$ cat upload23.cif   # mmCIF, C-alpha atoms
data_structure
#
loop_
_atom_site.label_atom_id
_atom_site.label_comp_id
_atom_site.auth_asym_id
_atom_site.auth_seq_id
_atom_site.Cartn_x
_atom_site.Cartn_y
_atom_site.Cartn_z
CA MET W 24 0.00 0.00 0.00
CA GLN W 25 1.45 3.34 -1.07
CA PHE W 26 0.49 6.68 0.42
CA ARG W 27 1.76 10.13 -0.29
CA GLN W 28 3.54 11.61 2.71
CA THR W 29 3.24 15.25 3.68
CA LEU W 30 6.09 16.93 5.56
CA ARG W 31 5.69 20.20 7.45
CA PHE W 32 7.30 21.98 10.39
CA CYS W 33 5.89 23.49 13.54
CA THR W 34 7.58 25.46 16.31
CA ALA W 35 7.70 24.48 19.97
CA ARG W 36 7.32 27.12 22.65
CA ASP W 37 11.10 27.48 23.04
CA GLY W 38 11.55 28.06 19.30
CA THR W 39 12.65 24.52 18.38
CA ARG W 40 11.44 23.48 14.93
CA ILE W 41 9.78 20.05 14.84
CA ALA W 42 9.40 18.01 11.64
CA VAL W 43 5.93 16.49 11.25
CA ALA W 44 4.87 13.81 8.75
CA SER W 45 1.31 12.79 7.81
CA ILE W 46 0.46 9.74 5.72
CA GLY W 47 -2.82 8.08 4.74
CA ALA W 48 -6.38 9.36 4.98
CA GLY W 49 -9.11 9.06 7.58
CA PRO W 50 -9.36 9.93 11.28
CA PRO W 51 -6.08 11.10 12.81
CA LEU W 52 -3.82 8.71 14.70
CA VAL W 53 -0.88 10.42 16.42
CA ARG W 54 2.39 8.81 17.52
CA ALA W 55 4.39 10.53 20.24
CA ALA W 56 8.02 10.90 19.17
CA HIS W 57 10.61 8.41 20.32
CA TRP W 58 14.34 8.11 19.98
CA LEU W 59 15.79 7.00 16.63
CA SER W 60 13.34 8.45 14.14
CA HIS W 61 13.73 10.12 10.79
CA VAL W 62 10.35 10.74 9.15
CA GLU W 63 11.86 11.29 5.70
CA HIS W 64 13.44 7.83 5.59
CA ASP W 65 10.75 5.67 7.24
CA GLN W 66 8.99 4.88 3.96
CA ALA W 67 12.11 3.16 2.64
CA SER W 68 12.72 1.26 5.87
CA PRO W 69 12.42 -2.54 5.95
CA VAL W 70 11.52 -2.11 9.64
CA TRP W 71 9.13 0.88 9.71
CA ARG W 72 7.50 0.56 6.28
CA PRO W 73 5.00 -2.11 7.45
CA TRP W 74 4.08 0.08 10.43
CA LEU W 75 3.29 2.96 8.11
CA ALA W 76 1.22 0.81 5.76
CA GLU W 77 -0.90 -0.72 8.50
CA LEU W 78 -1.39 2.29 10.78
CA ALA W 79 -2.28 4.47 7.79
CA ARG W 80 -4.73 1.91 6.39
CA HIS W 81 -7.72 3.45 8.17
CA HIS W 82 -6.19 6.64 9.57
CA THR W 83 -4.17 9.70 8.82
CA TYR W 84 -1.07 8.53 10.66
CA ILE W 85 0.83 11.47 12.14
CA ARG W 86 4.33 11.21 13.53
CA TYR W 87 7.17 13.64 14.13
CA ASP W 88 10.88 13.64 14.81
CA GLN W 89 11.92 14.24 18.39
CA ARG W 90 13.94 17.40 19.00
CA GLY W 91 17.58 16.69 18.25
CA CYS W 92 16.65 13.91 15.79
CA GLY W 93 15.79 13.46 12.14
CA LEU W 94 14.59 16.60 10.39
CA SER W 95 13.79 18.43 13.63
CA ASP W 96 16.29 20.97 14.96
CA ARG W 97 19.50 19.24 16.00
CA GLU W 98 20.98 22.02 18.15
CA VAL W 99 18.81 21.94 21.27
CA SER W 100 19.58 22.67 24.90
CA ASP W 101 16.44 21.37 26.62
CA LEU W 102 16.06 17.60 26.59
CA SER W 103 13.46 17.03 29.29
CA LEU W 104 10.07 15.40 29.67
CA ASP W 105 8.41 18.80 29.79
CA ALA W 106 10.09 19.83 26.53
CA TRP W 107 9.08 16.56 24.82
CA VAL W 108 5.47 16.98 25.92
CA GLY W 109 5.61 20.58 24.71
CA ASP W 110 6.74 19.35 21.29
CA LEU W 111 3.72 17.03 21.08
CA GLU W 112 1.48 19.92 22.10
CA ALA W 113 2.96 22.04 19.31
CA VAL W 114 2.35 19.29 16.74
CA VAL W 115 -1.27 18.77 17.78
CA ASP W 116 -2.00 22.49 17.92
CA SER W 117 -0.40 23.13 14.52
CA LEU W 118 -2.68 20.50 12.95
CA LYS W 119 -5.73 21.75 14.89
CA LEU W 120 -6.60 18.26 16.04
CA ARG W 121 -9.53 18.14 18.42
CA ARG W 122 -9.60 14.52 19.58
CA PHE W 123 -7.52 11.54 18.52
CA PRO W 124 -5.98 8.24 19.64
CA LEU W 125 -2.35 8.55 20.76
CA ILE W 126 0.38 5.92 20.43
CA GLY W 127 3.44 5.93 22.67
CA MET W 128 6.23 3.54 21.75
CA SER W 129 9.31 2.88 23.87
CA GLN W 130 10.48 6.18 25.36
CA GLY W 131 7.54 7.89 23.68
CA GLY W 132 5.26 6.06 26.10
CA ALA W 133 6.25 8.36 28.96
CA VAL W 134 5.64 11.40 26.74
CA ALA W 135 2.21 10.03 25.74
CA VAL W 136 1.26 9.37 29.37
CA ALA W 137 2.22 12.91 30.42
CA TYR W 138 0.39 14.45 27.46
CA ALA W 139 -2.78 12.38 28.03
CA LEU W 140 -2.91 13.45 31.68
CA ARG W 141 -2.42 17.09 30.71
CA HIS W 142 -4.97 16.94 27.85
CA PRO W 143 -7.55 14.23 28.60
CA GLU W 144 -10.15 16.03 26.50
CA ARG W 145 -8.05 15.45 23.37
CA VAL W 146 -6.90 11.84 23.80
CA SER W 147 -9.68 9.38 22.97
CA HIS W 148 -7.52 6.24 23.33
CA LEU W 149 -3.98 5.62 24.52
CA VAL W 150 -1.88 2.79 23.05
CA LEU W 151 1.47 2.05 24.73
CA VAL W 152 3.89 -0.35 23.00
CA GLY W 153 7.13 -1.50 24.61
CA ALA W 154 6.79 1.45 26.95
CA TYR W 155 7.73 2.10 30.56
CA ALA W 156 6.98 4.46 33.43
CA ARG W 157 10.47 4.34 34.96
CA GLY W 158 13.72 4.98 33.13
CA ALA W 159 16.70 2.65 33.55
CA LEU W 160 18.33 4.66 36.36
CA VAL W 161 15.02 5.07 38.21
CA ARG W 162 14.23 1.36 38.14
CA ALA W 163 17.82 0.29 38.85
CA THR W 164 18.08 -1.91 41.93
CA GLY W 165 21.86 -1.97 42.28
CA ASP W 166 25.25 -0.84 41.00
CA LYS W 167 25.17 -3.37 38.14
CA ASP W 168 21.97 -1.89 36.71
CA ARG W 169 23.33 1.64 36.99
CA LEU W 170 26.61 0.62 35.36
CA GLU W 171 24.73 -0.97 32.44
CA ALA W 172 22.68 2.20 31.86
CA GLN W 173 25.75 4.43 31.92
CA THR W 174 27.74 2.02 29.73
CA LEU W 175 25.13 2.31 26.98
CA VAL W 176 25.40 6.09 27.12
CA ASN W 177 29.20 5.88 26.91
CA LEU W 178 29.00 3.47 23.95
CA ILE W 179 27.08 6.13 22.08
CA ARG W 180 29.61 8.83 22.91
CA LEU W 181 32.47 6.61 21.74
CA GLY W 182 31.19 4.90 18.63
CA TRP W 183 27.95 6.43 17.32
CA GLY W 184 29.48 8.36 14.45
CA ARG W 185 32.12 5.86 13.35
CA ASP W 186 32.09 4.16 9.95
CA ASN W 187 32.49 0.82 11.71
CA PRO W 188 28.99 -0.06 12.99
CA ALA W 189 30.24 -2.30 15.84
CA PHE W 190 29.17 0.10 18.61
CA ARG W 191 25.80 0.82 17.02
CA GLN W 192 25.19 -2.88 16.47
CA VAL W 193 24.80 -3.23 20.24
CA PHE W 194 21.67 -1.07 20.09
CA THR W 195 20.45 -2.79 16.93
CA ASN W 196 20.62 -6.14 18.73
CA LEU W 197 18.60 -4.70 21.59
CA PHE W 198 15.91 -3.23 19.34
CA ILE W 199 15.50 -5.95 16.70
CA PRO W 200 17.48 -9.08 17.67
CA GLY W 201 15.28 -11.13 15.32
CA GLY W 202 15.90 -8.89 12.33
CA THR W 203 17.37 -9.98 9.00
CA PRO W 204 20.86 -8.83 7.95
CA ALA W 205 19.23 -6.19 5.72
CA GLN W 206 17.10 -4.92 8.60
CA HIS W 207 20.14 -4.81 10.90
CA GLN W 208 22.17 -2.92 8.31
CA TRP W 209 19.39 -0.37 7.83
CA TRP W 210 18.93 0.11 11.58
CA ASN W 211 22.66 0.60 12.08
CA GLU W 212 22.64 3.36 9.47
CA LEU W 213 19.46 4.91 10.91
CA GLU W 214 21.21 5.40 14.25
CA ARG W 215 23.98 7.45 12.68
CA LEU W 216 21.62 9.25 10.31
CA THR W 217 19.04 10.37 12.83
CA SER W 218 21.17 12.02 15.49
CA SER W 219 24.66 13.13 16.48
CA ALA W 220 26.53 11.13 19.09
CA ASP W 221 26.19 13.94 21.61
CA ASN W 222 22.43 14.34 21.10
CA ALA W 223 21.85 10.59 21.18
CA ALA W 224 23.82 10.24 24.42
CA ARG W 225 22.13 13.21 26.08
CA THR W 226 18.70 11.94 25.02
CA LEU W 227 19.26 8.44 26.33
CA GLU W 228 20.68 9.81 29.58
CA ALA W 229 17.59 11.99 30.02
CA PHE W 230 15.24 9.08 29.33
CA HIS W 231 17.11 6.99 31.90
CA ARG W 232 15.91 9.48 34.55
CA VAL W 233 12.26 9.70 33.49
CA ASP W 234 9.58 8.63 35.96
CA VAL W 235 5.88 9.03 35.13
CA SER W 236 4.61 6.52 37.69
CA ASP W 237 2.63 9.15 39.60
CA LEU W 238 1.19 10.52 36.37
CA ALA W 239 0.14 7.08 35.12
CA CYS W 240 -1.87 6.43 38.29
CA ARG W 241 -4.00 9.51 37.58
CA LEU W 242 -4.89 8.76 33.95
CA GLN W 243 -8.56 8.53 33.03
CA VAL W 244 -8.15 7.55 29.37
CA PRO W 245 -8.96 4.14 27.84
CA THR W 246 -5.53 2.50 27.59
CA LEU W 247 -4.07 -0.55 25.86
CA VAL W 248 -0.56 -1.67 26.86
CA LEU W 249 1.30 -4.18 24.66
CA HIS W 250 4.75 -5.55 25.45
CA ALA W 251 6.98 -8.28 24.01
CA ARG W 252 7.82 -11.04 26.48
CA GLY W 253 11.47 -11.16 25.41
CA ASP W 254 12.00 -7.42 24.91
CA ALA W 255 15.74 -6.86 25.44
CA ARG W 256 15.47 -3.06 25.44
CA VAL W 257 12.66 -2.56 27.98
CA PRO W 258 12.03 -5.44 30.40
CA PHE W 259 8.65 -7.16 30.11
CA ASP W 260 7.97 -6.51 33.79
CA GLU W 261 8.18 -2.75 33.16
CA GLY W 262 5.37 -3.00 30.64
CA ARG W 263 3.32 -5.06 33.02
CA GLN W 264 3.92 -2.59 35.83
CA LEU W 265 2.94 0.33 33.60
CA ALA W 266 -0.36 -1.37 32.79
CA ALA W 267 -0.97 -2.00 36.49
CA LEU W 268 -0.44 1.68 37.29
CA ILE W 269 -3.03 2.96 34.79
CA PRO W 270 -6.62 2.59 36.02
CA GLY W 271 -8.55 0.17 33.80
CA ALA W 272 -5.69 -0.45 31.36
CA ARG W 273 -5.69 -3.69 29.38
CA PHE W 274 -2.38 -5.54 29.12
CA VAL W 275 -1.49 -7.72 26.12
CA PRO W 276 1.72 -9.81 26.15
CA LEU W 277 3.28 -10.37 22.73
CA ASP W 278 5.32 -13.46 21.89
CA SER W 279 8.42 -11.73 20.53
CA ASP W 280 11.97 -10.88 21.47
CA ASN W 281 11.93 -7.67 19.41
CA HIS W 282 11.49 -4.24 20.98
CA VAL W 283 10.19 -3.06 17.59
CA LEU W 284 7.91 -5.69 16.09
CA LEU W 285 8.75 -7.01 12.63
CA ASP W 286 6.05 -7.87 10.11
CA SER W 287 7.52 -11.35 9.56
CA GLU W 288 6.84 -12.61 13.11
CA PRO W 289 3.64 -14.16 14.52
CA ALA W 290 3.27 -11.34 17.07
CA TRP W 291 2.71 -8.82 14.27
CA PRO W 292 -0.87 -9.81 13.25
CA HIS W 293 -1.71 -10.27 16.94
CA PHE W 294 -0.56 -6.72 17.61
CA LEU W 295 -2.50 -5.30 14.66
CA ALA W 296 -5.71 -7.10 15.63
CA GLU W 297 -5.52 -5.88 19.23
CA VAL W 298 -4.91 -2.27 18.20
CA ALA W 299 -7.65 -2.31 15.54
CA SER W 300 -10.15 -3.73 18.02
CA PHE W 301 -9.19 -1.20 20.69
CA LEU W 302 -9.40 1.76 18.32
CA GLN W 303 -12.73 0.50 16.98
CA VAL W 304 -11.61 0.66 13.39
CA ALA W 305 -15.12 -0.56 12.49
CA ALA W 306 -16.20 3.09 12.67
CA VAL W 307 -14.36 3.67 9.37
CA PRO W 308 -16.34 0.99 7.47
CA ALA W 309 -19.47 2.46 9.05
CA ALA W 310 -18.65 5.86 7.54
CA ASP W 311 -17.92 4.19 4.20
CA ALA W 312 -21.23 2.32 4.34
CA ALA W 313 -23.14 5.54 5.07
CA ALA W 314 -21.26 7.24 2.22
CA CYS W 315 -22.10 4.45 -0.21
CA GLU W 316 -25.78 4.43 0.75
CA ALA W 317 -26.03 8.21 0.34
CA GLY W 318 -24.26 8.16 -3.03
CA LEU W 319 -21.21 10.14 -1.89
CA THR W 320 -18.27 10.42 -4.25
CA PRO W 321 -14.91 8.91 -3.19
CA ALA W 322 -13.65 12.42 -2.40
CA GLU W 323 -16.73 13.14 -0.25
CA ARG W 324 -16.25 9.81 1.53
CA ASP W 325 -12.74 10.84 2.60
CA VAL W 326 -14.10 14.14 3.88
CA LEU W 327 -16.88 12.37 5.80
CA ARG W 328 -14.35 10.18 7.59
CA LEU W 329 -12.55 13.25 8.90
CA VAL W 330 -15.81 15.01 9.81
CA VAL W 331 -16.70 11.99 11.94
CA ALA W 332 -13.22 12.20 13.51
CA GLY W 333 -14.04 15.73 14.66
CA LEU W 334 -11.80 17.78 12.34
CA ASP W 335 -12.91 21.22 11.17
CA ASN W 336 -12.78 22.33 7.52
CA SER W 337 -9.32 23.90 7.70
CA ALA W 338 -7.82 20.78 9.29
CA ILE W 339 -9.53 18.54 6.72
CA ALA W 340 -8.15 20.71 3.93
CA ARG W 341 -4.60 20.25 5.25
CA GLN W 342 -5.01 16.51 5.70
CA LEU W 343 -6.38 15.96 2.20
CA HIS W 344 -4.28 18.64 0.44
CA LYS W 345 -7.32 20.63 -0.66
CA ARG W 346 -8.42 24.24 -0.55
CA GLU W 347 -10.63 25.05 2.42
CA LYS W 348 -13.33 26.37 0.08
CA THR W 349 -13.39 23.01 -1.71
CA VAL W 350 -13.83 21.18 1.59
CA ARG W 351 -16.59 23.58 2.63
CA ASN W 352 -18.49 22.86 -0.58
CA GLN W 353 -18.00 19.11 -0.20
CA VAL W 354 -19.25 19.20 3.39
CA SER W 355 -22.40 21.02 2.24
CA SER W 356 -22.93 18.37 -0.46
CA ILE W 357 -22.41 15.58 2.10
CA PHE W 358 -25.00 17.10 4.43
CA ASP W 359 -27.51 17.30 1.57
CA LYS W 360 -26.96 13.68 0.56
CA LEU W 361 -27.12 12.40 4.15
CA GLY W 362 -30.20 14.49 4.87
CA VAL W 363 -28.62 16.27 7.84
CA ARG W 364 -28.05 19.93 8.68
CA THR W 365 -25.06 19.87 11.05
CA ARG W 366 -21.80 18.06 11.75
CA ALA W 367 -23.26 16.66 14.93
CA GLU W 368 -26.15 15.08 13.03
CA ALA W 369 -23.76 13.56 10.48
CA ILE W 370 -21.60 12.06 13.24
CA VAL W 371 -24.63 10.65 15.06
CA GLN W 372 -25.92 9.07 11.85
CA VAL W 373 -22.61 7.30 11.21
CA ARG W 374 -22.17 6.19 14.83
CA ASP W 375 -25.74 4.91 15.00
CA ARG W 376 -24.97 2.79 11.95
CA ASP W 377 -21.80 1.48 13.65
CA ALA W 378 -23.76 0.55 16.80
CA ALA W 379 -26.53 -1.21 14.86
#
$ encode --input "upload23.cif" --output "structure tokens"
Amino acid sequence: MQFRQTLRFCTARDGTRIAVASIGAGPPLVRAAHWLSHVEHDQASPVWRPWLAELARHHTYIRYDQRGCGLSDREVSDLSLDAWVGDLEAVVDSLKLRRFPLIGMSQGGAVAVAYALRHPERVSHLVLVGAYARGALVRATGDKDRLEAQTLVNLIRLGWGRDNPAFRQVFTNLFIPGGTPAQHQWWNELERLTSSADNAARTLEAFHRVDVSDLACRLQVPTLVLHARGDARVPFDEGRQLAALIPGARFVPLDSDNHVLLDSEPAWPHFLAEVASFLQVAAVPAADAAACEAGLTPAERDVLRLVVAGLDNSAIARQLHKREKTVRNQVSSIFDKLGVRTRAEAIVQVRDRDAA
């Protein structure tokens, strides 16, 4: 499945420029940034390409490069949880998103938790994958654990930028131990491509000290936590503990050793089915069914999906690369064909169909 990707930039409150990518069509699905991302290169990735294809199948999948990484500003002074949450706020505000499901993977899980607590009115569902509440130094129980955390930081400082990938291969083996040689080679190059050694080391060191345990306990958002049993990057017990902290969260173990799931393993379809069920992807076919019955054009169908997701005309225009006037006219046509007068009536009609 091929989608056209849109790249744009927004500005965080401290002036840092953040690179934002949107792909697919339909209701928005936002991924909090995590370490090791480069939105321009994901489409060519043998690791991330399947994620893009599947998560954009029924949604406009929105992701962005963390400050200091990828296409976002590299020269940054503030690498803190508050700054990372502020970056997510800037992305959401720049796209004028009203309400959306939020995915937090790995280190991005802590950012997603903090954002969801700060903005519960905007986050409809929270999906946490391979995430944790406590960074490595916070959860350390002895000198050995602390030495391991600091050793990983020092490995980055020493070998991140070298032509020889031996140092970076350590991280590749932690993220995708079950990967093919081609996937390992690509991941090794991604590490060097996405961030400088200094930024990567500072970022990892900051994540080691993160603790959102108190925040997680106060969440009131429907939450799904998924974690690989053999995850070598974030211990399985940390995922289980995170799920236990969040009131009402559902925990799904995945039979994998990979921190980032690969589309070739049995855990992949299990993961996709759980996420689709949790996000109630059936609402998209319901919108399509209503569109078909009312005789909407394919273009009007795409607009209806985003109306049901709660986007206003200007946001829909950006998502679908249209003029706002065009969207306004299409919305009027949709209302006529559905026999409704307002957005609220259109949304109720589609949701009533989904519940039937």
$ axis_aligned_box --input "upload23.cif" --around "stretch 247-264 of chain W" --padding-each-side "5 Å" --output "JSON"
{"center_x": 5.8, "center_y": -5.9, "center_z": 29.9, "size_x": 29.8, "size_y": 20.6, "size_z": 21.8}
$ resolve_selection --input "upload23.cif" --expression "the PyMOL selection byres ((chain W and resi 129) around 10)" --output "number ranges by chain"
W: 55-58, 127-128, 130-134, 151-156, 250, 256-257, 262, 282-283
$ residues_near_point --input "upload23.cif" --point "(11.0, 6.3, 33.4)" --cutoff "6 Å" --atoms "all atoms listed in the file" --output "list of chain:residue names"
W:Ala156, W:Arg157, W:Gly158, W:Arg232, W:Val233, W:Asp234
$ closest_residue --input "upload23.cif" --among "W:Phe358, W:Trp71, W:Tyr84, W:Trp107" --to "W:Leu213" --atoms "all atoms listed in the file"
W:Trp71
$ atom_distance --input "upload23.cif" --atom1 "atom CA of W:Arg145" --atom2 "atom CA of W:Arg121"
5.8 Å
$ resolve_selection --input "upload23.cif" --expression "the PyMOL selection byres ((chain W and resi 106) around 10)" --output "JSON, numbers by chain"
{"W": [35, 36, 37, 39, 90, 101, 102, 103, 104, 105, 107, 108, 109, 110, 111, 112, 134]}
$ build_atoms --input "upload23.cif" --residues "stretch 62-73 of chain W" --atoms "all heavy atoms" --output "PDB file, in the frame of the given file"
ATOM      1  N   VAL W  62      11.598  10.905   9.892  1.00  0.00           N
ATOM      2  CA  VAL W  62      10.350  10.740   9.150  1.00  0.00           C
ATOM      3  C   VAL W  62      10.552  10.693   7.642  1.00  0.00           C
ATOM      4  O   VAL W  62       9.736  10.106   6.923  1.00  0.00           O
ATOM      5  CB  VAL W  62       9.338  11.850   9.520  1.00  0.00           C
ATOM      6  CG1 VAL W  62       8.885  11.698  10.961  1.00  0.00           C
ATOM      7  CG2 VAL W  62       9.914  13.240   9.272  1.00  0.00           C
ATOM      8  N   GLU W  63      11.621  11.287   7.151  1.00  0.00           N
ATOM      9  CA  GLU W  63      11.860  11.290   5.700  1.00  0.00           C
ATOM     10  C   GLU W  63      12.261   9.923   5.200  1.00  0.00           C
ATOM     11  O   GLU W  63      12.019   9.574   4.039  1.00  0.00           O
ATOM     12  CB  GLU W  63      12.935  12.323   5.362  1.00  0.00           C
ATOM     13  CG  GLU W  63      13.105  12.542   3.863  1.00  0.00           C
ATOM     14  CD  GLU W  63      14.138  13.599   3.546  1.00  0.00           C
ATOM     15  OE1 GLU W  63      15.012  13.869   4.393  1.00  0.00           O
ATOM     16  OE2 GLU W  63      14.073  14.152   2.441  1.00  0.00           O
ATOM     17  N   HIS W  64      12.886   9.108   6.038  1.00  0.00           N
ATOM     18  CA  HIS W  64      13.440   7.830   5.590  1.00  0.00           C
ATOM     19  C   HIS W  64      12.598   6.618   5.981  1.00  0.00           C
ATOM     20  O   HIS W  64      12.889   5.510   5.542  1.00  0.00           O
ATOM     21  CB  HIS W  64      14.863   7.655   6.141  1.00  0.00           C
ATOM     22  CG  HIS W  64      15.840   8.641   5.591  1.00  0.00           C
ATOM     23  ND1 HIS W  64      16.406   8.529   4.343  1.00  0.00           N
ATOM     24  CD2 HIS W  64      16.333   9.796   6.117  1.00  0.00           C
ATOM     25  CE1 HIS W  64      17.209   9.556   4.121  1.00  0.00           C
ATOM     26  NE2 HIS W  64      17.187  10.332   5.182  1.00  0.00           N
ATOM     27  N   ASP W  65      11.549   6.809   6.769  1.00  0.00           N
ATOM     28  CA  ASP W  65      10.750   5.670   7.240  1.00  0.00           C
ATOM     29  C   ASP W  65      10.120   4.880   6.099  1.00  0.00           C
ATOM     30  O   ASP W  65       9.980   3.658   6.184  1.00  0.00           O
ATOM     31  CB  ASP W  65       9.653   6.145   8.182  1.00  0.00           C
ATOM     32  CG  ASP W  65      10.191   6.552   9.548  1.00  0.00           C
ATOM     33  OD1 ASP W  65      11.393   6.321   9.789  1.00  0.00           O
ATOM     34  OD2 ASP W  65       9.422   7.098  10.353  1.00  0.00           O
ATOM     35  N   GLN W  66       9.686   5.571   5.045  1.00  0.00           N
ATOM     36  CA  GLN W  66       8.990   4.880   3.960  1.00  0.00           C
ATOM     37  C   GLN W  66       9.883   3.873   3.239  1.00  0.00           C
ATOM     38  O   GLN W  66       9.384   2.916   2.641  1.00  0.00           O
ATOM     39  CB  GLN W  66       8.435   5.890   2.959  1.00  0.00           C
ATOM     40  CG  GLN W  66       7.240   6.675   3.490  1.00  0.00           C
ATOM     41  CD  GLN W  66       6.713   7.665   2.463  1.00  0.00           C
ATOM     42  OE1 GLN W  66       7.336   8.674   2.180  1.00  0.00           O
ATOM     43  NE2 GLN W  66       5.561   7.371   1.895  1.00  0.00           N
ATOM     44  N   ALA W  67      11.185   4.077   3.289  1.00  0.00           N
ATOM     45  CA  ALA W  67      12.110   3.160   2.640  1.00  0.00           C
ATOM     46  C   ALA W  67      12.656   2.106   3.607  1.00  0.00           C
ATOM     47  O   ALA W  67      13.482   1.276   3.220  1.00  0.00           O
ATOM     48  CB  ALA W  67      13.285   3.938   2.034  1.00  0.00           C
ATOM     49  N   SER W  68      12.170   2.124   4.825  1.00  0.00           N
ATOM     50  CA  SER W  68      12.720   1.260   5.870  1.00  0.00           C
ATOM     51  C   SER W  68      12.122  -0.140   5.841  1.00  0.00           C
ATOM     52  O   SER W  68      10.897  -0.295   5.845  1.00  0.00           O
ATOM     53  CB  SER W  68      12.465   1.889   7.242  1.00  0.00           C
ATOM     54  OG  SER W  68      12.661   0.940   8.269  1.00  0.00           O
ATOM     55  N   PRO W  69      12.954  -1.184   5.853  1.00  0.00           N
ATOM     56  CA  PRO W  69      12.420  -2.540   5.950  1.00  0.00           C
ATOM     57  C   PRO W  69      11.846  -2.845   7.332  1.00  0.00           C
ATOM     58  O   PRO W  69      11.198  -3.870   7.506  1.00  0.00           O
ATOM     59  CB  PRO W  69      13.644  -3.425   5.659  1.00  0.00           C
ATOM     60  CG  PRO W  69      14.815  -2.583   6.062  1.00  0.00           C
ATOM     61  CD  PRO W  69      14.431  -1.161   5.754  1.00  0.00           C
ATOM     62  N   VAL W  70      12.077  -1.945   8.294  1.00  0.00           N
ATOM     63  CA  VAL W  70      11.520  -2.110   9.640  1.00  0.00           C
ATOM     64  C   VAL W  70      10.236  -1.304   9.807  1.00  0.00           C
ATOM     65  O   VAL W  70       9.197  -1.822  10.235  1.00  0.00           O
ATOM     66  CB  VAL W  70      12.551  -1.704  10.717  1.00  0.00           C
ATOM     67  CG1 VAL W  70      11.942  -1.809  12.117  1.00  0.00           C
ATOM     68  CG2 VAL W  70      13.804  -2.570  10.626  1.00  0.00           C
ATOM     69  N   TRP W  71      10.275  -0.012   9.455  1.00  0.00           N
ATOM     70  CA  TRP W  71       9.130   0.880   9.710  1.00  0.00           C
ATOM     71  C   TRP W  71       8.104   0.904   8.599  1.00  0.00           C
ATOM     72  O   TRP W  71       6.947   1.295   8.841  1.00  0.00           O
ATOM     73  CB  TRP W  71       9.632   2.304   9.967  1.00  0.00           C
ATOM     74  CG  TRP W  71      10.339   2.493  11.271  1.00  0.00           C
ATOM     75  CD1 TRP W  71      11.620   2.924  11.456  1.00  0.00           C
ATOM     76  CD2 TRP W  71       9.814   2.262  12.589  1.00  0.00           C
ATOM     77  NE1 TRP W  71      11.921   2.974  12.792  1.00  0.00           N
ATOM     78  CE2 TRP W  71      10.839   2.568  13.510  1.00  0.00           C
ATOM     79  CE3 TRP W  71       8.585   1.802  13.072  1.00  0.00           C
ATOM     80  CZ2 TRP W  71      10.661   2.447  14.892  1.00  0.00           C
ATOM     81  CZ3 TRP W  71       8.403   1.674  14.444  1.00  0.00           C
ATOM     82  CH2 TRP W  71       9.445   1.999  15.333  1.00  0.00           C
ATOM     83  N   ARG W  72       8.457   0.499   7.383  1.00  0.00           N
ATOM     84  CA  ARG W  72       7.500   0.560   6.280  1.00  0.00           C
ATOM     85  C   ARG W  72       6.207  -0.203   6.571  1.00  0.00           C
ATOM     86  O   ARG W  72       5.113   0.310   6.302  1.00  0.00           O
ATOM     87  CB  ARG W  72       8.155   0.048   4.988  1.00  0.00           C
ATOM     88  CG  ARG W  72       7.288   0.247   3.747  1.00  0.00           C
ATOM     89  CD  ARG W  72       8.080  -0.043   2.484  1.00  0.00           C
ATOM     90  NE  ARG W  72       8.668  -1.382   2.512  1.00  0.00           N
ATOM     91  CZ  ARG W  72       9.969  -1.619   2.415  1.00  0.00           C
ATOM     92  NH1 ARG W  72      10.816  -0.622   2.275  1.00  0.00           N
ATOM     93  NH2 ARG W  72      10.437  -2.850   2.449  1.00  0.00           N
ATOM     94  N   PRO W  73       6.264  -1.416   7.133  1.00  0.00           N
ATOM     95  CA  PRO W  73       5.000  -2.110   7.450  1.00  0.00           C
ATOM     96  C   PRO W  73       4.166  -1.376   8.497  1.00  0.00           C
ATOM     97  O   PRO W  73       2.924  -1.428   8.443  1.00  0.00           O
ATOM     98  CB  PRO W  73       5.482  -3.473   7.977  1.00  0.00           C
ATOM     99  CG  PRO W  73       6.845  -3.659   7.400  1.00  0.00           C
ATOM    100  CD  PRO W  73       7.442  -2.288   7.365  1.00  0.00           C
TER     101      PRO W  73
END
